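Pasted below: input_15.txt, compact mmCIF, C-alpha atoms.
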```txt
# COMPACT_ATOMS: atom_id res chain seq x y z
CA MET A 1 0.00 0.00 0.00
CA ASN A 2 1.36 3.40 -0.99
CA THR A 3 1.83 6.10 1.65
CA CYS A 4 1.95 9.88 1.25
CA ASN A 5 5.76 9.73 1.36
CA ASP A 6 5.77 7.42 -1.65
CA LEU A 7 4.03 10.04 -3.78
CA HIS A 8 6.75 12.75 -3.64
CA LEU A 9 10.55 12.97 -3.88
CA GLN A 10 10.54 14.42 -0.36
CA ASN A 11 8.27 16.47 1.86
CA ASP A 12 9.72 19.93 1.22
CA ALA A 13 11.92 21.97 -1.10
CA LYS A 14 15.74 21.73 -1.09
CA ILE A 15 18.21 24.15 -2.66
CA VAL A 16 21.80 22.90 -3.02
CA SER A 17 23.25 24.98 -5.89
CA LYS A 18 24.84 28.37 -5.23
CA THR A 19 22.53 30.06 -7.74
CA ILE A 20 19.18 29.43 -9.42
CA PRO A 21 19.53 28.36 -12.16
CA GLY A 22 22.50 26.16 -11.28
CA GLU A 23 25.48 25.50 -13.52
CA LYS A 24 24.04 22.40 -15.24
CA SER A 25 20.68 24.09 -15.81
CA ILE A 26 22.44 27.10 -17.34
CA GLU A 27 24.31 24.78 -19.70
CA LEU A 28 21.17 22.97 -20.85
CA ILE A 29 19.17 26.19 -21.19
CA LYS A 30 21.91 27.54 -23.46
CA ILE A 31 21.73 24.39 -25.62
CA GLN A 32 17.98 24.83 -25.79
CA ASN A 33 18.29 28.48 -26.82
CA ASP A 34 20.80 27.53 -29.52
CA SER A 35 18.81 24.64 -30.96
CA GLU A 36 15.12 25.07 -30.17
CA GLY A 37 12.85 27.75 -31.62
CA SER A 38 11.81 30.92 -29.78
CA ILE A 39 8.30 29.56 -29.25
CA VAL A 40 9.64 28.16 -25.95
CA SER A 41 7.88 30.01 -23.14
CA TYR A 42 8.08 28.65 -19.59
CA PRO A 43 11.88 28.36 -19.18
CA LYS A 44 12.08 32.11 -19.80
CA SER A 45 10.35 32.80 -16.48
CA MET A 46 11.31 29.55 -14.70
CA PRO A 47 14.93 28.95 -15.82
CA ILE A 48 15.60 25.38 -14.74
CA ALA A 49 16.35 22.14 -16.58
CA VAL A 50 14.35 19.26 -15.13
CA LYS A 51 15.79 15.85 -14.27
CA ARG A 52 12.81 14.11 -12.69
CA ALA A 53 9.54 14.79 -10.90
CA LYS A 54 7.24 12.94 -8.54
CA GLY A 55 4.02 14.03 -6.93
CA ALA A 56 4.20 17.74 -6.16
CA THR A 57 8.00 17.94 -6.35
CA ILE A 58 10.46 18.54 -9.19
CA GLU A 59 14.23 17.97 -9.16
CA ASP A 60 16.41 19.92 -11.57
CA VAL A 61 19.69 18.70 -13.04
CA ASP A 62 21.62 20.50 -10.28
CA GLY A 63 19.90 18.54 -7.51
CA ASN A 64 17.57 21.31 -6.35
CA ILE A 65 14.07 20.19 -5.40
CA PHE A 66 11.13 22.52 -5.90
CA ILE A 67 7.49 22.30 -4.88
CA ASP A 68 5.41 22.27 -8.07
CA PHE A 69 2.39 24.59 -8.03
CA PHE A 70 2.05 24.40 -11.82
CA SER A 71 1.06 20.76 -12.30
CA GLY A 72 1.65 20.79 -16.05
CA ALA A 73 -0.99 23.50 -16.54
CA GLY A 74 -3.47 21.25 -14.73
CA VAL A 75 -2.77 18.12 -16.78
CA LEU A 76 -0.93 16.49 -13.86
CA ASN A 77 -3.51 17.35 -11.24
CA VAL A 78 -2.78 14.14 -9.29
CA GLY A 79 0.96 14.75 -9.39
CA HIS A 80 3.96 13.62 -11.41
CA SER A 81 4.51 9.87 -11.90
CA ASN A 82 1.64 9.03 -9.58
CA SER A 83 2.09 5.35 -8.71
CA TYR A 84 -1.63 4.61 -8.94
CA VAL A 85 -1.81 6.18 -12.40
CA LEU A 86 1.39 4.46 -13.56
CA GLU A 87 -0.01 1.10 -12.48
CA TYR A 88 -3.10 1.59 -14.63
CA ILE A 89 -1.10 3.00 -17.58
CA LYS A 90 1.11 -0.11 -17.60
CA GLU A 91 -1.93 -2.37 -17.47
CA GLN A 92 -3.61 -0.50 -20.34
CA GLN A 93 -0.54 -0.15 -22.57
CA GLU A 94 0.17 -3.86 -22.36
CA GLN A 95 -3.19 -4.31 -24.10
CA LEU A 96 -3.53 -1.28 -26.36
CA ILE A 97 -1.77 2.07 -26.76
CA HIS A 98 -3.33 3.86 -29.73
CA MET A 99 -6.27 3.06 -32.01
CA LEU A 100 -7.22 6.37 -33.71
CA ASP A 101 -11.00 6.85 -33.45
CA PHE A 102 -12.04 3.19 -33.41
CA PRO A 103 -14.42 2.35 -30.55
CA THR A 104 -13.00 0.75 -27.43
CA GLU A 105 -14.72 -0.09 -24.17
CA ASN A 106 -12.62 2.44 -22.23
CA LYS A 107 -13.35 5.24 -24.70
CA LEU A 108 -17.10 4.60 -24.69
CA GLN A 109 -17.14 4.44 -20.88
CA LEU A 110 -15.42 7.84 -20.78
CA ILE A 111 -17.97 9.31 -23.20
CA GLN A 112 -20.83 8.07 -21.03
CA LYS A 113 -19.23 9.55 -17.92
CA ILE A 114 -18.88 12.93 -19.68
CA LEU A 115 -22.50 12.92 -20.85
CA CYS A 116 -23.71 11.98 -17.37
CA GLN A 117 -22.36 15.31 -16.12
CA PHE A 118 -25.13 17.05 -18.10
CA PRO A 119 -28.62 17.55 -16.66
CA GLU A 120 -30.71 14.49 -17.46
CA GLU A 121 -32.93 16.29 -19.97
CA MET A 122 -29.85 17.34 -21.99
CA ARG A 123 -27.94 14.06 -22.18
CA ASN A 124 -29.62 12.78 -25.34
CA ARG A 125 -29.25 16.11 -27.13
CA TYR A 126 -25.44 16.26 -27.18
CA LYS A 127 -22.55 14.14 -28.39
CA VAL A 128 -18.84 14.07 -27.49
CA SER A 129 -16.11 14.83 -30.03
CA PHE A 130 -12.39 14.19 -29.48
CA CYS A 131 -10.96 16.92 -31.67
CA GLY A 132 -7.26 17.08 -30.82
CA PRO A 133 -4.55 16.87 -28.18
CA THR A 134 -4.56 20.52 -27.02
CA GLY A 135 -6.92 23.16 -25.71
CA SER A 136 -6.24 25.26 -28.79
CA ASP A 137 -7.55 22.44 -30.99
CA ALA A 138 -10.68 22.16 -28.88
CA VAL A 139 -11.34 25.90 -29.08
CA GLU A 140 -10.79 25.94 -32.85
CA ALA A 141 -13.21 23.02 -33.27
CA ALA A 142 -15.81 24.62 -30.99
CA ILE A 143 -15.73 27.91 -32.92
CA LYS A 144 -16.04 26.14 -36.29
CA LEU A 145 -18.87 23.95 -35.04
CA ALA A 146 -20.77 26.92 -33.55
CA LYS A 147 -20.48 28.92 -36.76
CA HIS A 148 -21.60 25.94 -38.83
CA LYS A 149 -24.56 25.21 -36.54
CA THR A 150 -25.83 28.79 -36.17
CA GLY A 151 -24.87 30.29 -39.52
CA ARG A 152 -23.45 33.28 -37.61
CA GLU A 153 -19.91 34.65 -37.53
CA GLY A 154 -19.30 36.51 -34.28
CA VAL A 155 -17.87 35.16 -31.02
CA ILE A 156 -18.01 36.78 -27.58
CA ALA A 157 -15.09 36.08 -25.22
CA PHE A 158 -14.12 37.62 -21.88
CA HIS A 159 -11.53 40.01 -20.49
CA GLY A 160 -8.70 37.97 -18.96
CA SER A 161 -9.28 34.99 -21.23
CA TYR A 162 -6.57 32.70 -22.58
CA HIS A 163 -7.51 30.03 -25.11
CA GLY A 164 -4.29 29.17 -26.94
CA MET A 165 -1.81 30.33 -29.58
CA THR A 166 -3.31 29.14 -32.88
CA SER A 167 -4.95 31.83 -35.01
CA GLY A 168 -8.51 31.09 -33.90
CA SER A 169 -7.76 30.49 -30.22
CA LEU A 170 -5.50 33.55 -30.04
CA SER A 171 -8.28 35.64 -31.60
CA VAL A 172 -10.47 34.93 -28.56
CA THR A 173 -7.60 35.52 -26.11
CA SER A 174 -7.73 38.98 -24.55
CA ASN A 175 -4.02 39.58 -23.81
CA VAL A 176 -3.04 42.42 -26.17
CA GLN A 177 0.68 41.55 -26.16
CA LEU A 178 -0.08 38.01 -27.30
CA ARG A 179 -2.58 39.19 -29.90
CA ASN A 180 -0.01 41.59 -31.37
CA ARG A 181 2.21 38.63 -32.29
CA ILE A 182 -0.01 37.66 -35.22
CA SER A 183 -1.65 39.66 -38.00
CA SER A 184 -4.19 37.07 -39.17
CA LEU A 185 -6.63 37.12 -36.25
CA VAL A 186 -10.17 35.87 -36.82
CA PRO A 187 -12.58 38.85 -37.24
CA ASN A 188 -15.84 39.58 -35.40
CA ILE A 189 -14.56 38.84 -31.88
CA SER A 190 -15.91 40.90 -28.97
CA PHE A 191 -14.78 40.94 -25.34
CA VAL A 192 -16.91 41.60 -22.26
CA PRO A 193 -16.07 41.81 -18.52
CA TYR A 194 -15.50 38.52 -16.71
CA SER A 195 -17.13 37.87 -13.33
CA TYR A 196 -13.94 38.35 -11.37
CA CYS A 197 -15.00 39.04 -7.79
CA TYR A 198 -11.45 39.55 -6.50
CA ARG A 199 -10.94 42.57 -8.79
CA CYS A 200 -14.47 43.36 -9.92
CA PRO A 201 -14.53 45.33 -13.20
CA PHE A 202 -17.56 47.21 -11.85
CA ASN A 203 -15.86 48.01 -8.51
CA LYS A 204 -18.35 45.96 -6.52
CA ASP A 205 -17.79 43.62 -3.58
CA GLN A 206 -19.75 40.67 -2.21
CA GLU A 207 -22.18 42.94 -0.39
CA THR A 208 -22.88 45.28 -3.30
CA CYS A 209 -22.61 42.82 -6.20
CA GLU A 210 -25.79 42.73 -8.22
CA MET A 211 -24.46 40.51 -11.02
CA ASP A 212 -23.57 43.53 -13.12
CA CYS A 213 -21.32 41.37 -15.30
CA ALA A 214 -24.22 39.10 -16.28
CA ASP A 215 -26.54 42.09 -16.75
CA TYR A 216 -23.99 43.74 -19.05
CA LEU A 217 -23.71 40.62 -21.20
CA ASN A 218 -27.50 40.41 -21.35
CA TYR A 219 -27.59 44.07 -22.41
CA ILE A 220 -25.05 43.44 -25.17
CA LEU A 221 -27.04 40.49 -26.51
CA ASN A 222 -30.52 42.02 -26.39
CA ASN A 223 -30.10 45.74 -27.00
CA PRO A 224 -30.59 46.36 -30.74
CA HIS A 225 -28.27 49.38 -30.46
CA SER A 226 -25.40 47.59 -28.68
CA GLY A 227 -23.56 47.17 -31.98
CA GLN A 228 -23.20 43.46 -31.27
CA ALA A 229 -25.01 41.07 -33.59
CA LYS A 230 -26.15 37.75 -32.15
CA PRO A 231 -22.93 35.70 -31.90
CA ALA A 232 -22.29 32.15 -33.03
CA ALA A 233 -20.87 31.36 -29.59
CA ILE A 234 -20.00 32.73 -26.18
CA LEU A 235 -16.67 31.25 -25.09
CA LEU A 236 -16.32 31.00 -21.30
CA GLU A 237 -13.63 29.58 -19.02
CA PRO A 238 -15.14 28.43 -15.70
CA ILE A 239 -11.72 29.24 -14.16
CA GLN A 240 -9.33 31.66 -15.83
CA GLY A 241 -6.12 29.77 -15.10
CA GLU A 242 -3.82 32.07 -17.08
```
This entry written out as structure tokens:
Amino acid sequence: MNTCNDLHLQNDAKIVSKTIPGEKSIELIKIQNDSEGSIVSYPKSMPIAVKRAKGATIEDVDGNIFIDFFSGAGVLNVGHSNSYVLEYIKEQQEQLIHMLDFPTENKLQLIQKILCQFPEEMRNRYKVSFCGPTGSDAVEAAIKLAKHKTGREGVIAFHGSYHGMTSGSLSVTSNVQLRNRISSLVPNISFVPYSYCYRCPFNKDQETCEMDCADYLNYILNNPHSGQAKPAAILLEPIQGE
């Protein structure tokens, strides 16, 4: 039986190099800069070269151990090299690793679990599509599907949103610096305030909040003089991680 100690390299951080990044990390980062394209992002703000990771801890090539609050952008939300997950992965990969879009029992069970998250009256009205390996692919597919289904062109996104770096997903991302990196953004994108209670765009707090953000969106959609035609889609992140 695994214990909590088995799930991490150790219980706390440990810094052994004289500087961060250490000498070995500096060497590998230089090799990366010389050989890998400038699209690399995270090492610019977190300059380490990683040797191994387990649970919520990461060890760099210099022997420093860090506590990981990033979790692979949420992909590793049960930790690195989780022994329970590895056990199942080994069991599955000994049977089947990749089968394109052919039906398998595991895939169909996953689809049913996803559909069961919908209210009961909606479950038979929707289907699940596996459209690609990244969030950007999912956003691109969602926008195309919404436009095809509605016959409309516009999309409403939110201030503070991040949806990816492809042309379509970047077009519905609000960060101006990121948007300035590309000239071929998708047209007819509008942005509205996000319901961000910590820094409310309407300067309200919990006691004075009257759902102004939702009222404003309703106003945009239903006022014939808002300048906003009915959109094909409203693209919303339940949690704005970026």
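Of the residues listed (A:Leu9, A:Cys200, A:Val85, A:Val139), A:Leu9 shows the shortest atom-to-atom separation from Ile65 (chain A); distances use all atoms listed in the file.
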Point (-16.8, 29.8, -21.5) neighbourhood (10 Å, only C-alpha atoms) written as a PyMOL selection string: chain A and resi 156-158+161+163+233-240
Could you save those same residues with C-alpha atoms as a tab-separated table (two decimals), keeping the file's coordinate frame?
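Wrote it out as selection_9.tsv, contents follow:
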```tsv
chain	number	residue	atom	x	y	z
A	156	ILE	CA	-18.01	36.78	-27.58
A	157	ALA	CA	-15.09	36.08	-25.22
A	158	PHE	CA	-14.12	37.62	-21.88
A	161	SER	CA	-9.28	34.99	-21.23
A	163	HIS	CA	-7.51	30.03	-25.11
A	233	ALA	CA	-20.87	31.36	-29.59
A	234	ILE	CA	-20.00	32.73	-26.18
A	235	LEU	CA	-16.67	31.25	-25.09
A	236	LEU	CA	-16.32	31.00	-21.30
A	237	GLU	CA	-13.63	29.58	-19.02
A	238	PRO	CA	-15.14	28.43	-15.70
A	239	ILE	CA	-11.72	29.24	-14.16
A	240	GLN	CA	-9.33	31.66	-15.83
```
Protein, DNA and RNA residues within 12 Å of (-15.8, 43.7, -19.9), only C-alpha atoms, as number ranges by chain: A: 156-161, 174, 190-196, 200-202, 212-217, 220
Can you tell me which residues surround Val186 (chain A) at a distance of at most 10 Å, considering only C-alpha atoms, apart from same-chain residues fewer than 4 positions away, and format the answer as a PDB file with C-alpha atoms, keeping the file's coordinate frame?
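Wrote part10.pdb, looks like this:
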```pdb
ATOM      1  CA  GLU A 153     -19.910  34.650 -37.530  1.00  0.00           C
ATOM      2  CA  GLY A 154     -19.300  36.510 -34.280  1.00  0.00           C
ATOM      3  CA  VAL A 155     -17.870  35.160 -31.020  1.00  0.00           C
ATOM      4  CA  SER A 167      -4.950  31.830 -35.010  1.00  0.00           C
ATOM      5  CA  GLY A 168      -8.510  31.090 -33.900  1.00  0.00           C
ATOM      6  CA  SER A 169      -7.760  30.490 -30.220  1.00  0.00           C
ATOM      7  CA  LEU A 170      -5.500  33.550 -30.040  1.00  0.00           C
ATOM      8  CA  SER A 171      -8.280  35.640 -31.600  1.00  0.00           C
ATOM      9  CA  VAL A 172     -10.470  34.930 -28.560  1.00  0.00           C
TER      10      VAL A 172
END
```
Got a sec: who's within 10 Å of Arg52 (chain A), counting only C-alpha atoms, leaving out chain neighbours fewer than 5 positions off, as a PDB file with C-alpha atoms, keeping the file's coordinate frame?
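Generated file (result.pdb):
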```
ATOM      1  CA  LEU A   9      10.550  12.970  -3.880  1.00  0.00           C
ATOM      2  CA  THR A  57       8.000  17.940  -6.350  1.00  0.00           C
ATOM      3  CA  ILE A  58      10.460  18.540  -9.190  1.00  0.00           C
ATOM      4  CA  GLU A  59      14.230  17.970  -9.160  1.00  0.00           C
ATOM      5  CA  ASP A  60      16.410  19.920 -11.570  1.00  0.00           C
ATOM      6  CA  VAL A  61      19.690  18.700 -13.040  1.00  0.00           C
ATOM      7  CA  GLY A  63      19.900  18.540  -7.510  1.00  0.00           C
ATOM      8  CA  ILE A  65      14.070  20.190  -5.400  1.00  0.00           C
ATOM      9  CA  HIS A  80       3.960  13.620 -11.410  1.00  0.00           C
ATOM     10  CA  SER A  81       4.510   9.870 -11.900  1.00  0.00           C
TER      11      SER A  81
END
```
Atom-to-atom span, CA of Met99 (chain A) and CA of Leu145 (chain A), Å: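 Straight-line distance from CA of Met99 (chain A) to CA of Leu145 (chain A) works out to 24.6 Å.
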Residue neighbourhood Asp68 (chain A), 12 Å, only C-alpha atoms, exclusion window fewer than 2 positions, as a list in words: His8, Leu9, Asn11, Asp12, Ala13, Met46, Val50, Arg52, Ala53, Lys54, Gly55, Ala56, Thr57, Ile58, Glu59, Asp60, Ile65, Phe66, Phe70, Ser71, Gly72, Ala73, Gly74, Leu76, Asn77, Val78, Gly79 and His80 of chain A
Those selected residues, please, written with C-alpha atoms and delivered as a PDB file, keeping the file's coordinate frame.
```pdb
ATOM      1  CA  HIS A   8       6.750  12.750  -3.640  1.00  0.00           C
ATOM      2  CA  LEU A   9      10.550  12.970  -3.880  1.00  0.00           C
ATOM      3  CA  ASN A  11       8.270  16.470   1.860  1.00  0.00           C
ATOM      4  CA  ASP A  12       9.720  19.930   1.220  1.00  0.00           C
ATOM      5  CA  ALA A  13      11.920  21.970  -1.100  1.00  0.00           C
ATOM      6  CA  MET A  46      11.310  29.550 -14.700  1.00  0.00           C
ATOM      7  CA  VAL A  50      14.350  19.260 -15.130  1.00  0.00           C
ATOM      8  CA  ARG A  52      12.810  14.110 -12.690  1.00  0.00           C
ATOM      9  CA  ALA A  53       9.540  14.790 -10.900  1.00  0.00           C
ATOM     10  CA  LYS A  54       7.240  12.940  -8.540  1.00  0.00           C
ATOM     11  CA  GLY A  55       4.020  14.030  -6.930  1.00  0.00           C
ATOM     12  CA  ALA A  56       4.200  17.740  -6.160  1.00  0.00           C
ATOM     13  CA  THR A  57       8.000  17.940  -6.350  1.00  0.00           C
ATOM     14  CA  ILE A  58      10.460  18.540  -9.190  1.00  0.00           C
ATOM     15  CA  GLU A  59      14.230  17.970  -9.160  1.00  0.00           C
ATOM     16  CA  ASP A  60      16.410  19.920 -11.570  1.00  0.00           C
ATOM     17  CA  ILE A  65      14.070  20.190  -5.400  1.00  0.00           C
ATOM     18  CA  PHE A  66      11.130  22.520  -5.900  1.00  0.00           C
ATOM     19  CA  PHE A  70       2.050  24.400 -11.820  1.00  0.00           C
ATOM     20  CA  SER A  71       1.060  20.760 -12.300  1.00  0.00           C
ATOM     21  CA  GLY A  72       1.650  20.790 -16.050  1.00  0.00           C
ATOM     22  CA  ALA A  73      -0.990  23.500 -16.540  1.00  0.00           C
ATOM     23  CA  GLY A  74      -3.470  21.250 -14.730  1.00  0.00           C
ATOM     24  CA  LEU A  76      -0.930  16.490 -13.860  1.00  0.00           C
ATOM     25  CA  ASN A  77      -3.510  17.350 -11.240  1.00  0.00           C
ATOM     26  CA  VAL A  78      -2.780  14.140  -9.290  1.00  0.00           C
ATOM     27  CA  GLY A  79       0.960  14.750  -9.390  1.00  0.00           C
ATOM     28  CA  HIS A  80       3.960  13.620 -11.410  1.00  0.00           C
TER      29      HIS A  80
END
```
Interatomic distance (Å, one decimal) between CA of Leu178 (chain A) and CA of Thr166 (chain A):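 Computing the Euclidean distance for CA of Leu178 (chain A) and CA of Thr166 (chain A) yields 11.0 Å.
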Point-to-point distance in Å for CA of Lys149 (chain A) and CA of Pro231 (chain A):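 For CA of Pro231 (chain A) relative to CA of Lys149 (chain A), the distance reads 11.6 Å.
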